[in-house]
$ cat work_10.pdb   # PDB, C-alpha atoms
ATOM      1  CA  MET F 243     327.676 -32.174   9.977
ATOM      2  CA  PRO F 244     328.537 -33.300  13.513
ATOM      3  CA  GLY F 245     331.374 -31.413  15.192
ATOM      4  CA  PRO F 246     334.025 -32.522  17.721
ATOM      5  CA  PHE F 247     331.593 -32.069  20.622
ATOM      6  CA  GLN F 248     329.044 -34.446  19.061
ATOM      7  CA  TYR F 249     331.759 -37.032  18.414
ATOM      8  CA  LEU F 250     333.023 -36.706  21.988
ATOM      9  CA  VAL F 251     329.539 -37.187  23.479
ATOM     10  CA  TRP F 252     328.885 -40.100  21.126
ATOM     11  CA  PHE F 253     332.136 -41.777  22.213
ATOM     12  CA  LEU F 254     331.336 -41.114  25.891
ATOM     13  CA  CYS F 255     327.840 -42.568  25.446
ATOM     14  CA  THR F 256     329.264 -45.734  23.869
ATOM     15  CA  LEU F 257     331.765 -46.086  26.727
ATOM     16  CA  LEU F 258     328.966 -45.719  29.286
ATOM     17  CA  GLU F 259     326.922 -48.394  27.487
ATOM     18  CA  VAL F 260     329.873 -50.763  27.726
ATOM     19  CA  SER F 261     330.281 -49.868  31.391
ATOM     20  CA  VAL F 262     326.653 -50.860  32.122
ATOM     21  CA  VAL F 263     327.264 -54.387  30.800
ATOM     22  CA  VAL F 264     330.670 -54.664  32.494
ATOM     23  CA  CYS F 265     329.404 -53.412  35.884
ATOM     24  CA  SER F 266     326.350 -55.643  35.687
ATOM     25  CA  ALA F 267     328.482 -58.696  34.890
ATOM     26  CA  ALA F 268     331.011 -57.783  37.600
ATOM     27  CA  ARG F 269     328.239 -57.578  40.217
ATOM     28  CA  GLY F 270     326.710 -60.885  39.089
ATOM     29  CA  SER F 271     323.495 -59.282  37.783
ATOM     30  CA  PHE F 272     323.892 -59.968  34.083
ATOM     31  CA  ARG F 273     321.355 -62.797  33.908
ATOM     32  CA  ARG F 274     319.025 -61.248  36.484
ATOM     33  CA  TYR F 275     318.604 -58.160  34.281
ATOM     34  CA  LEU F 276     319.193 -59.931  30.983
ATOM     35  CA  SER F 277     316.945 -57.765  28.781
ATOM     36  CA  LEU F 278     318.563 -54.532  30.048
ATOM     37  CA  ASN F 279     322.036 -55.870  29.427
ATOM     38  CA  VAL F 280     321.182 -57.230  25.996
ATOM     39  CA  TYR F 281     319.729 -53.816  25.060
ATOM     40  CA  MET F 282     322.870 -52.012  26.246
ATOM     41  CA  PHE F 283     325.101 -54.479  24.428
ATOM     42  CA  ALA F 284     323.042 -54.042  21.234
ATOM     43  CA  ALA F 285     323.162 -50.232  21.601
ATOM     44  CA  CYS F 286     326.937 -50.382  21.919
ATOM     45  CA  PHE F 287     327.235 -52.654  18.862
ATOM     46  CA  VAL F 288     324.910 -50.397  16.817
ATOM     47  CA  ASN F 289     326.939 -47.332  17.823
ATOM     48  CA  LEU F 290     330.120 -48.973  16.562
ATOM     49  CA  ALA F 291     328.405 -49.958  13.292
ATOM     50  CA  ARG F 292     327.019 -46.411  12.870
ATOM     51  CA  PHE F 293     330.489 -45.032  13.445
ATOM     52  CA  LYS F 294     331.941 -47.329  10.794
ATOM     53  CA  ILE F 295     329.207 -46.490   8.252
ATOM     54  CA  LEU F 296     329.451 -42.755   8.966
ATOM     55  CA  PHE F 297     333.177 -42.738   8.283
ATOM     56  CA  THR F 298     332.911 -45.019   5.245
ATOM     57  CA  TYR F 299     329.989 -43.384   3.425
ATOM     58  CA  GLY F 300     329.626 -39.916   5.008
ATOM     59  CA  TYR F 301     327.063 -38.135   7.145
ATOM     60  CA  LEU F 302     324.676 -37.213   4.316
ATOM     61  CA  SER F 303     324.844 -40.598   2.575
ATOM     62  CA  PRO F 304     321.661 -42.677   2.254
ATOM     63  CA  GLU F 305     323.584 -45.640   3.686
ATOM     64  CA  TYR F 306     324.080 -43.866   7.014
ATOM     65  CA  GLY F 307     320.500 -42.538   6.938
ATOM     66  CA  TYR F 308     318.950 -45.947   6.288
ATOM     67  CA  PHE F 309     321.141 -47.714   8.802
ATOM     68  CA  TYR F 310     320.511 -45.049  11.470
ATOM     69  CA  TYR F 311     316.716 -45.123  11.242
ATOM     70  CA  TYR F 312     316.333 -48.902  10.791
ATOM     71  CA  SER F 313     318.706 -49.600  13.690
ATOM     72  CA  ASP F 314     316.864 -47.006  15.768
ATOM     73  CA  LEU F 315     313.644 -49.000  15.392
ATOM     74  CA  LEU F 316     315.426 -52.192  16.469
ATOM     75  CA  LEU F 317     316.924 -50.398  19.476
ATOM     76  CA  THR F 318     313.545 -48.949  20.431
ATOM     77  CA  ILE F 319     312.097 -52.486  20.355
ATOM     78  CA  GLY F 320     315.075 -53.540  22.506
ATOM     79  CA  LEU F 321     314.343 -50.747  24.982
ATOM     80  CA  TYR F 322     310.700 -51.842  25.035
ATOM     81  CA  CYS F 323     311.826 -55.409  25.867
ATOM     82  CA  ALA F 324     314.103 -54.021  28.607
ATOM     83  CA  LEU F 325     311.124 -52.163  30.056
ATOM     84  CA  MET F 326     309.074 -55.363  29.942
ATOM     85  CA  GLY F 327     311.930 -57.077  31.783
ATOM     86  CA  LEU F 328     311.542 -54.473  34.532
ATOM     87  CA  TYR F 329     307.773 -55.128  34.578
ATOM     88  CA  SER F 330     308.486 -58.830  35.053
ATOM     89  CA  ARG F 331     310.856 -58.068  37.941
ATOM     90  CA  VAL F 332     308.285 -55.859  39.677
ATOM     91  CA  PHE F 333     305.406 -58.306  39.273
ATOM     92  CA  GLU F 334     307.367 -61.554  39.689
ATOM     93  CA  GLU F 335     306.155 -62.173  43.238
ATOM     94  CA  MET F 336     302.538 -61.888  42.092
ATOM     95  CA  GLY F 337     303.091 -64.595  39.467
ATOM     96  CA  ALA F 338     301.905 -62.225  36.759
ATOM     97  CA  GLY F 339     304.688 -62.955  34.267
ATOM     98  CA  LYS F 340     302.266 -64.586  31.816
ATOM     99  CA  TYR F 341     299.996 -61.537  31.791
ATOM    100  CA  VAL F 342     302.921 -59.127  31.405
ATOM    101  CA  ARG F 343     304.091 -61.063  28.335
ATOM    102  CA  LEU F 344     300.556 -61.112  26.897
ATOM    103  CA  GLY F 345     300.174 -57.363  27.415
ATOM    104  CA  ALA F 346     303.618 -56.669  25.946
ATOM    105  CA  VAL F 347     302.919 -58.645  22.771
ATOM    106  CA  LEU F 348     299.463 -57.092  22.368
ATOM    107  CA  LEU F 349     300.822 -53.590  22.813
ATOM    108  CA  LEU F 350     303.667 -54.185  20.372
ATOM    109  CA  LEU F 351     301.275 -55.580  17.762
ATOM    110  CA  GLY F 352     298.825 -52.729  18.385
ATOM    111  CA  THR F 353     301.580 -50.139  17.924
ATOM    112  CA  ALA F 354     302.738 -51.796  14.711
ATOM    113  CA  ALA F 355     299.165 -51.929  13.374
ATOM    114  CA  PHE F 356     298.563 -48.288  14.310
ATOM    115  CA  SER F 357     301.795 -47.216  12.580
ATOM    116  CA  PHE F 358     300.894 -49.207   9.488
ATOM    117  CA  ALA F 359     297.424 -47.643   9.385
ATOM    118  CA  ILE F 360     298.904 -44.118   9.553
ATOM    119  CA  VAL F 361     301.414 -44.831   6.776
ATOM    120  CA  GLN F 362     298.816 -46.551   4.603
ATOM    121  CA  GLN F 363     296.402 -43.653   4.985
ATOM    122  CA  SER F 364     298.974 -40.950   4.223
ATOM    123  CA  SER F 365     300.421 -42.925   1.295
ATOM    124  CA  SER F 366     296.988 -43.593  -0.208
ATOM    125  CA  ARG F 367     296.067 -39.930   0.194
ATOM    126  CA  LEU F 368     299.189 -38.804  -1.669
ATOM    127  CA  ALA F 369     299.407 -41.418  -4.398
ATOM    128  CA  GLY F 370     295.755 -42.420  -4.668
ATOM    129  CA  HIS F 371     296.638 -46.058  -4.021
ATOM    130  CA  PHE F 372     298.830 -47.938  -1.547
ATOM    131  CA  VAL F 373     302.130 -49.277  -2.903
ATOM    132  CA  VAL F 374     304.885 -50.645  -0.679
ATOM    133  CA  ASP F 375     308.215 -49.130  -1.775
ATOM    134  CA  SER F 376     311.366 -47.999   0.056
ATOM    135  CA  ARG F 377     309.848 -44.603   0.878
ATOM    136  CA  VAL F 378     306.739 -46.168   2.423
ATOM    137  CA  MET F 379     308.889 -48.654   4.335
ATOM    138  CA  GLY F 380     311.031 -45.799   5.613
ATOM    139  CA  HIS F 381     307.972 -43.881   6.738
ATOM    140  CA  LEU F 382     306.703 -47.015   8.497
ATOM    141  CA  VAL F 383     310.038 -47.463  10.298
ATOM    142  CA  LEU F 384     310.040 -43.840  11.485
ATOM    143  CA  GLU F 385     306.394 -43.950  12.537
ATOM    144  CA  ALA F 386     306.755 -47.246  14.420
ATOM    145  CA  SER F 387     309.883 -46.009  16.173
ATOM    146  CA  GLN F 388     308.200 -42.777  17.300
ATOM    147  CA  ASN F 389     305.012 -44.548  18.391
ATOM    148  CA  LEU F 390     306.906 -47.169  20.362
ATOM    149  CA  TYR F 391     308.874 -44.389  22.047
ATOM    150  CA  PHE F 392     305.655 -42.798  23.310
ATOM    151  CA  VAL F 393     304.278 -46.189  24.383
ATOM    152  CA  GLY F 394     307.492 -46.720  26.373
ATOM    153  CA  LEU F 395     307.105 -43.301  27.967
ATOM    154  CA  VAL F 396     303.553 -44.021  29.137
ATOM    155  CA  LEU F 397     304.448 -47.553  30.275
ATOM    156  CA  THR F 398     307.328 -46.260  32.398
ATOM    157  CA  TYR F 399     305.009 -43.890  34.253
ATOM    158  CA  VAL F 400     302.464 -46.703  34.697
ATOM    159  CA  LEU F 401     305.221 -48.921  36.121
ATOM    160  CA  TRP F 402     306.350 -46.235  38.553
ATOM    161  CA  GLY F 403     302.753 -45.769  39.687
ATOM    162  CA  ALA F 404     302.433 -49.533  40.217
ATOM    163  CA  MET F 405     305.695 -49.583  42.197
ATOM    164  CA  LEU F 406     304.447 -46.833  44.481
ATOM    165  CA  LYS F 407     301.169 -48.670  44.947
ATOM    166  CA  LEU F 408     302.919 -51.979  45.685
ATOM    167  CA  ARG F 409     305.369 -50.233  48.063
ATOM    168  CA  GLU F 410     308.324 -51.566  46.113
ATOM    169  CA  THR F 411     311.466 -51.420  48.265
ATOM    170  CA  ARG F 412     314.242 -52.858  46.055
ATOM    171  CA  THR F 413     316.552 -49.851  45.683
ATOM    172  CA  ARG F 414     318.286 -51.010  42.526
ATOM    173  CA  LEU F 415     315.008 -51.732  40.761
ATOM    174  CA  ILE F 416     313.669 -48.310  41.797
ATOM    175  CA  GLN F 417     316.844 -46.655  40.505
ATOM    176  CA  LEU F 418     316.611 -48.506  37.171
ATOM    177  CA  VAL F 419     312.955 -47.565  36.613
ATOM    178  CA  LEU F 420     313.425 -43.937  37.676
ATOM    179  CA  ALA F 421     316.433 -43.604  35.364
ATOM    180  CA  LEU F 422     314.350 -44.895  32.469
ATOM    181  CA  GLY F 423     311.533 -42.475  33.331
ATOM    182  CA  LEU F 424     313.994 -39.602  33.507
ATOM    183  CA  TYR F 425     315.512 -40.591  30.171
ATOM    184  CA  PHE F 426     312.154 -40.716  28.361
ATOM    185  CA  SER F 427     310.968 -37.512  30.056
ATOM    186  CA  VAL F 428     314.096 -35.523  29.212
ATOM    187  CA  PHE F 429     313.755 -36.361  25.519
ATOM    188  CA  ALA F 430     310.047 -35.495  25.467
ATOM    189  CA  ALA F 431     310.650 -32.275  27.420
ATOM    190  CA  SER F 432     313.548 -31.189  25.210
ATOM    191  CA  TYR F 433     311.401 -31.880  22.134
ATOM    192  CA  ALA F 434     308.578 -29.728  23.529
ATOM    193  CA  LEU F 435     310.946 -26.954  24.651
ATOM    194  CA  ARG F 436     312.697 -26.972  21.276
ATOM    195  CA  ASN F 437     309.361 -26.170  19.649
ATOM    196  CA  LEU F 438     308.487 -23.573  22.284
ATOM    197  CA  TYR F 439     311.821 -21.744  22.264
ATOM    198  CA  THR F 440     312.976 -21.778  18.656
ATOM    199  CA  SER F 441     315.327 -18.885  19.423
ATOM    200  CA  LEU F 442     317.530 -21.312  21.393
ATOM    201  CA  ASP F 443     318.444 -23.312  18.292
ATOM    202  CA  GLY F 444     322.122 -23.213  19.224
ATOM    203  CA  VAL F 445     321.508 -24.996  22.548
ATOM    204  CA  TRP F 446     319.607 -28.126  21.465
ATOM    205  CA  PRO F 447     322.358 -29.704  19.326
ATOM    206  CA  TYR F 448     324.461 -29.795  22.516
ATOM    207  CA  LEU F 449     321.784 -30.645  25.055
ATOM    208  CA  ILE F 450     320.064 -33.522  23.238
ATOM    209  CA  PRO F 451     323.171 -35.710  22.718
ATOM    210  CA  ILE F 452     324.096 -35.226  26.390
ATOM    211  CA  SER F 453     320.600 -36.488  27.312
ATOM    212  CA  GLY F 454     321.467 -39.740  25.519
ATOM    213  CA  CYS F 455     324.193 -40.390  28.126
ATOM    214  CA  LEU F 456     321.768 -40.150  31.069
ATOM    215  CA  LEU F 457     320.401 -43.691  30.878
ATOM    216  CA  PRO F 458     323.717 -45.593  30.637
ATOM    217  CA  LEU F 459     325.204 -43.321  33.319
ATOM    218  CA  ALA F 460     322.342 -43.925  35.756
ATOM    219  CA  TRP F 461     322.255 -47.664  35.067
ATOM    220  CA  THR F 462     326.027 -47.933  35.527
ATOM    221  CA  TYR F 463     325.638 -46.217  38.888
ATOM    222  CA  ALA F 464     322.753 -48.540  39.819
ATOM    223  CA  PHE F 465     324.730 -51.697  39.021
ATOM    224  CA  TRP F 466     328.029 -50.504  40.474
ATOM    225  CA  ARG F 467     327.043 -48.708  43.684
ATOM    226  CA  ILE F 468     323.701 -50.219  44.723
ATOM    227  CA  PRO F 469     323.761 -53.826  45.975
ATOM    228  CA  GLU F 470     320.960 -56.160  44.913
ATOM    229  CA  ASP F 471     319.716 -56.599  48.494
ATOM    230  CA  ALA F 472     319.567 -52.849  49.286
ATOM    231  CA  ARG F 473     316.123 -51.682  50.370
ATOM    232  CA  ILE F 474     314.481 -48.267  50.497
ATOM    233  CA  THR F 475     310.972 -47.034  51.263
ATOM    234  CA  PRO F 476     309.629 -44.613  48.657
ATOM    235  CA  SER F 477     307.850 -41.618  50.183
ATOM    236  CA  ARG F 478     304.125 -41.516  49.817
ATOM    237  CA  LEU F 479     303.155 -38.885  47.314
ATOM    238  CA  ALA F 480     299.803 -38.102  48.880
ATOM    239  CA  VAL F 481     298.210 -38.976  52.193
ATOM    240  CA  ALA F 482     294.492 -39.560  51.889
ATOM    241  CA  PRO F 483     292.538 -38.145  54.849
ATOM    242  CA  ARG F 484     290.624 -40.785  56.786
TER     243      ARG F 484
ATOM    244  CA  MET U 101     289.524 -65.232  31.324
ATOM    245  CA  SER U 102     288.637 -61.977  33.044
ATOM    246  CA  ARG U 103     292.320 -61.394  33.856
ATOM    247  CA  LYS U 104     293.247 -61.758  30.198
ATOM    248  CA  LEU U 105     290.506 -59.343  29.224
ATOM    249  CA  THR U 106     291.805 -56.901  31.829
ATOM    250  CA  VAL U 107     295.280 -57.168  30.279
ATOM    251  CA  VAL U 108     293.801 -56.507  26.812
ATOM    252  CA  LEU U 109     291.897 -53.504  28.159
ATOM    253  CA  LEU U 110     294.991 -52.094  29.883
ATOM    254  CA  ALA U 111     297.083 -52.581  26.725
ATOM    255  CA  MET U 112     294.497 -50.734  24.646
ATOM    256  CA  LEU U 113     294.297 -47.927  27.229
ATOM    257  CA  VAL U 114     298.081 -47.491  27.198
ATOM    258  CA  LEU U 115     298.104 -47.517  23.388
ATOM    259  CA  VAL U 116     295.360 -44.882  23.193
ATOM    260  CA  GLY U 117     297.087 -42.750  25.838
ATOM    261  CA  ALA U 118     300.464 -42.965  24.117
ATOM    262  CA  MET U 119     299.050 -42.146  20.686
ATOM    263  CA  GLY U 120     297.071 -39.252  22.163
ATOM    264  CA  LEU U 121     300.220 -37.899  23.824
ATOM    265  CA  LYS U 122     302.148 -38.284  20.587
ATOM    266  CA  THR U 123     299.437 -36.488  18.629
ATOM    267  CA  VAL U 124     299.463 -33.582  21.091
ATOM    268  CA  VAL U 125     303.257 -33.279  20.989
ATOM    269  CA  VAL U 126     303.747 -33.749  17.242
ATOM    270  CA  THR U 127     300.840 -31.538  16.149
ATOM    271  CA  HIS U 128     302.542 -28.500  17.663
ATOM    272  CA  GLY U 129     306.004 -29.636  16.596
ATOM    273  CA  ASP U 130     308.214 -28.788  13.651
ATOM    274  CA  ASN U 131     308.096 -32.328  12.168
ATOM    275  CA  SER U 132     311.479 -33.155  13.673
ATOM    276  CA  LEU U 133     311.940 -36.593  15.197
ATOM    277  CA  ILE U 134     312.612 -37.810  18.705
ATOM    278  CA  MET U 135     315.624 -40.089  18.464
ATOM    279  CA  ALA U 136     316.391 -41.538  21.829
ATOM    280  CA  ASN U 137     318.898 -44.320  21.297
ATOM    281  CA  GLY U 138     322.540 -43.532  21.852
ATOM    282  CA  GLY U 139     324.519 -40.411  21.137
ATOM    283  CA  ALA U 140     324.985 -40.794  17.387
ATOM    284  CA  PRO U 141     324.166 -37.649  15.369
ATOM    285  CA  PRO U 142     320.786 -38.163  13.625
ATOM    286  CA  PRO U 143     321.122 -37.784   9.850
ATOM    287  CA  PRO U 144     318.555 -36.034   7.666
ATOM    288  CA  SER U 145     315.845 -38.520   6.730
ATOM    289  CA  PRO U 146     316.763 -40.263   3.447
ATOM    290  CA  TRP U 147     313.073 -40.620   2.625
ATOM    291  CA  LYS U 148     312.509 -36.928   2.125
ATOM    292  CA  ASN U 149     312.415 -36.062  -1.550
ATOM    293  CA  GLY U 150     315.111 -33.456  -2.052
ATOM    294  CA  GLY U 151     316.189 -30.695   0.286
ATOM    295  CA  ALA U 152     313.633 -28.076  -0.696
ATOM    296  CA  PRO U 153     311.886 -26.340   2.228
ATOM    297  CA  PRO U 154     308.356 -27.717   2.750
ATOM    298  CA  PRO U 155     305.610 -25.275   1.672
ATOM    299  CA  PRO U 156     302.733 -24.320   3.987
ATOM    300  CA  SER U 157     299.870 -26.777   3.905
ATOM    301  CA  PRO U 158     297.285 -25.823   1.212
ATOM    302  CA  TRP U 159     294.482 -27.375   3.297
ATOM    303  CA  LYS U 160     294.619 -24.761   6.081
TER     304      LYS U 160
END
$ encode --input "work_10.pdb" --output "C-alpha cells"
Amino acid sequence: MPGPFQYLVWFLCTLLEVSVVVCSAARGSFRRYLSLNVYMFAACFVNLARFKILFTYGYLSPEYGYFYYYSDLLLTIGLYCALMGLYSRVFEEMGAGKYVRLGAVLLLLGTAAFSFAIVQQSSSRLAGHFVVDSRVMGHLVLEASQNLYFVGLVLTYVLWGAMLKLRETRTRLIQLVLALGLYFSVFAASYALRNLYTSLDGVWPYLIPISGCLLPLAWTYAFWRIPEDARITPSRLAVAPR
Amino acid sequence: MSRKLTVVLLAMLVLVGAMGLKTVVVTHGDNSLIMANGGAPPPPSPWKNGGAPPPPSPWK
C-alpha cells in the first residue's frame, strides 16, 4: 500500500505536469511543442483518473490494476509521439518531416508486432494453443509498454547524437531532449541498480517515484526560464586528430 | 526510394537495438516492471494468477 510519501510525490508530480502546460502556454509555445504539451496534459488527466479509481476501488483492486497498466501503455505511446515531435523540430530545416513520420510509424508497428510475437509464443507454449483472453491482452499491454519504453530510450540517445552532429544550438530544444534522456536513463539505471543491490530494498520505493518528477520539472524549467530564441553551442565530445 | 529504404533500415536497427537492450536488462532482472509515466504507485499486476511466490524454472 502506498504511504503518505508516495501520495505526496504523486501530487507533486501531477502539479508539475500541470505547470509544464501552463508555462508553455504562458510563453506562447503551446502549439510549437504541441505533442509534448498534449502528452503532459494527458499524463495529468490520467493521474487524476488513477487517483479517483484508487480511492473508489482500492489499491489491490483489479479495476485500479487494469486502468493503471492500460493507461500506462497509452501514456508511453504519448511519450513516443512527444519524442517524435522533438525529432520533427530538430530535422525541420532539412525538410525531413515525411521521413521522420514514416520511421515513427514503422517503428511503432514493428514494436507492436514484436510484442505480439512474444506474447503469442509464450501463450502457445503454456496453453498449447493461442487464445486471446483478458490475461493474454494484459500480457500484450505490459510487453508493448516495456518494449516501447526501450525504443524511446534508444531513440532519445540517437536524437542527441544527431543534435551533436548537426551542431544544434537552440537551447530550449537541447534542454528538452536532455531532460528526456535523463528521465529514461534514470529509470533504466534505477531498474538495473535495484537488481544489483537487492539489500537496498527500502530505498527504491522512495527513489523511483521521485524520478517520475524529473521530466515535468525539467520541462517546466525549459519553458519558463529559457526563451525560444536562446542559443548555445554544445561542446564537442571528441576532437578527431587531423 | 533510397531515402525511404534508409529510413526502414534505421527503424529496424533501432528496434533490434532496443529489444537487445531490453533482453539484456530483463534477463538479469527480477521480473519487475519499468513504469515510467507519472508518480502513481504501480499496483501488483492483475494478470498474475494468485499471490503465490513463483517457483524456480524447471527448465534450468
$ atom_distance --input "work_10.pdb" --atom1 "CA of Ala324 (chain F)" --atom2 "CA of Thr123 (chain U)"
24.9 Å
$ closest_residue --input "work_10.pdb" --among "F:Ala464, F:Ile452, F:Leu459, F:Met326" --to "chain U" --atoms "all atoms listed in the file"
F:Ile452
$ closest_residue --input "work_10.pdb" --among "F:Tyr322, F:Tyr275, F:Tyr306, F:Tyr399" --to "Gly117 (chain U)" --atoms "only C-alpha atoms"
F:Tyr399
$ resolve_selection --input "work_10.pdb" --expression "the PyMOL selection byres ((chain F and resi 283) around 12)" --output "ChimeraX atom specification"
/F:256-264,266-267,272,276-282,284-290,317,320-321,324,458 /U:138
$ residues_around --input "work_10.pdb" --residues "region 330-340 of chain F" --least-positions-apart "3" --cutoff "9 Å" --atoms "only C-alpha atoms" --output "list in words"
Arg274, Tyr275, Leu325, Met326, Gly327, Arg343, Leu344, Gly345, Leu401, Ala404, Met405, Leu408, Glu410 and Leu415 of chain F
$ write_last_selection --input "work_10.pdb" --atoms "C-alpha atoms" --output "compact mmCIF listing (two decimals), in the frame of the given file"
# COMPACT_ATOMS: atom_id res chain seq x y z
CA ARG F 274 319.02 -61.25 36.48
CA TYR F 275 318.60 -58.16 34.28
CA LEU F 325 311.12 -52.16 30.06
CA MET F 326 309.07 -55.36 29.94
CA GLY F 327 311.93 -57.08 31.78
CA ARG F 343 304.09 -61.06 28.34
CA LEU F 344 300.56 -61.11 26.90
CA GLY F 345 300.17 -57.36 27.42
CA LEU F 401 305.22 -48.92 36.12
CA ALA F 404 302.43 -49.53 40.22
CA MET F 405 305.70 -49.58 42.20
CA LEU F 408 302.92 -51.98 45.68
CA GLU F 410 308.32 -51.57 46.11
CA LEU F 415 315.01 -51.73 40.76
$ residues_around --input "work_10.pdb" --residues "Leu115 (chain U)" --least-positions-apart "2" --cutoff "9 Å" --atoms "all atoms listed in the file" --output "ChimeraX atom specification"
/F:349,352-353,392-393,396 /U:110-113,117-120
$ atom_distance --input "work_10.pdb" --atom1 "CA of Thr398 (chain F)" --atom2 "CA of Gly454 (chain F)"
17.0 Å
$ closest_residue --input "work_10.pdb" --among "F:Pro451, F:Gly423, F:Gly300, F:Gly270" --to "chain U" --atoms "only C-alpha atoms"
F:Pro451
$ residues_near_point --input "work_10.pdb" --point "(330.4, -39.5, 20.2)" --cutoff "10 Å" --atoms "all atoms listed in the file" --output "PyMOL selection string"
(chain F and resi 244-257+289+293+451-452) or (chain U and resi 138-141)
$ axis_aligned_box --input "work_10.pdb" --around "region 287-292 of chain F" --padding-each-side "4 Å" --output "JSON"
{"center_x": 327.5, "center_y": -49.5, "center_z": 15.9, "size_x": 13.2, "size_y": 14.2, "size_z": 14.0}
$ closest_residue --input "work_10.pdb" --among "F:Ser364, F:Ser453, F:Thr440, F:Ser357" --to "Leu424 (chain F)" --atoms "only C-alpha atoms"
F:Ser453
$ atom_distance --input "work_10.pdb" --atom1 "CA of Val383 (chain F)" --atom2 "CA of Tyr308 (chain F)"
9.9 Å
$ residues_near_point --input "work_10.pdb" --point "(308.8, -49.1, 14.0)" --cutoff "10 Å" --atoms "only C-alpha atoms" --output "compact mmCIF listing (two decimals) with C-alpha atoms, in the frame of the given file"
# COMPACT_ATOMS: atom_id res chain seq x y z
CA TYR F 311 316.72 -45.12 11.24
CA TYR F 312 316.33 -48.90 10.79
CA SER F 313 318.71 -49.60 13.69
CA ASP F 314 316.86 -47.01 15.77
CA LEU F 315 313.64 -49.00 15.39
CA LEU F 316 315.43 -52.19 16.47
CA LEU F 317 316.92 -50.40 19.48
CA THR F 318 313.54 -48.95 20.43
CA ILE F 319 312.10 -52.49 20.36
CA LEU F 350 303.67 -54.18 20.37
CA THR F 353 301.58 -50.14 17.92
CA ALA F 354 302.74 -51.80 14.71
CA SER F 357 301.80 -47.22 12.58
CA PHE F 358 300.89 -49.21 9.49
CA MET F 379 308.89 -48.65 4.34
CA GLY F 380 311.03 -45.80 5.61
CA HIS F 381 307.97 -43.88 6.74
CA LEU F 382 306.70 -47.02 8.50
CA VAL F 383 310.04 -47.46 10.30
CA LEU F 384 310.04 -43.84 11.48
CA GLU F 385 306.39 -43.95 12.54
CA ALA F 386 306.76 -47.25 14.42
CA SER F 387 309.88 -46.01 16.17
CA GLN F 388 308.20 -42.78 17.30
CA ASN F 389 305.01 -44.55 18.39
CA LEU F 390 306.91 -47.17 20.36
CA TYR F 391 308.87 -44.39 22.05
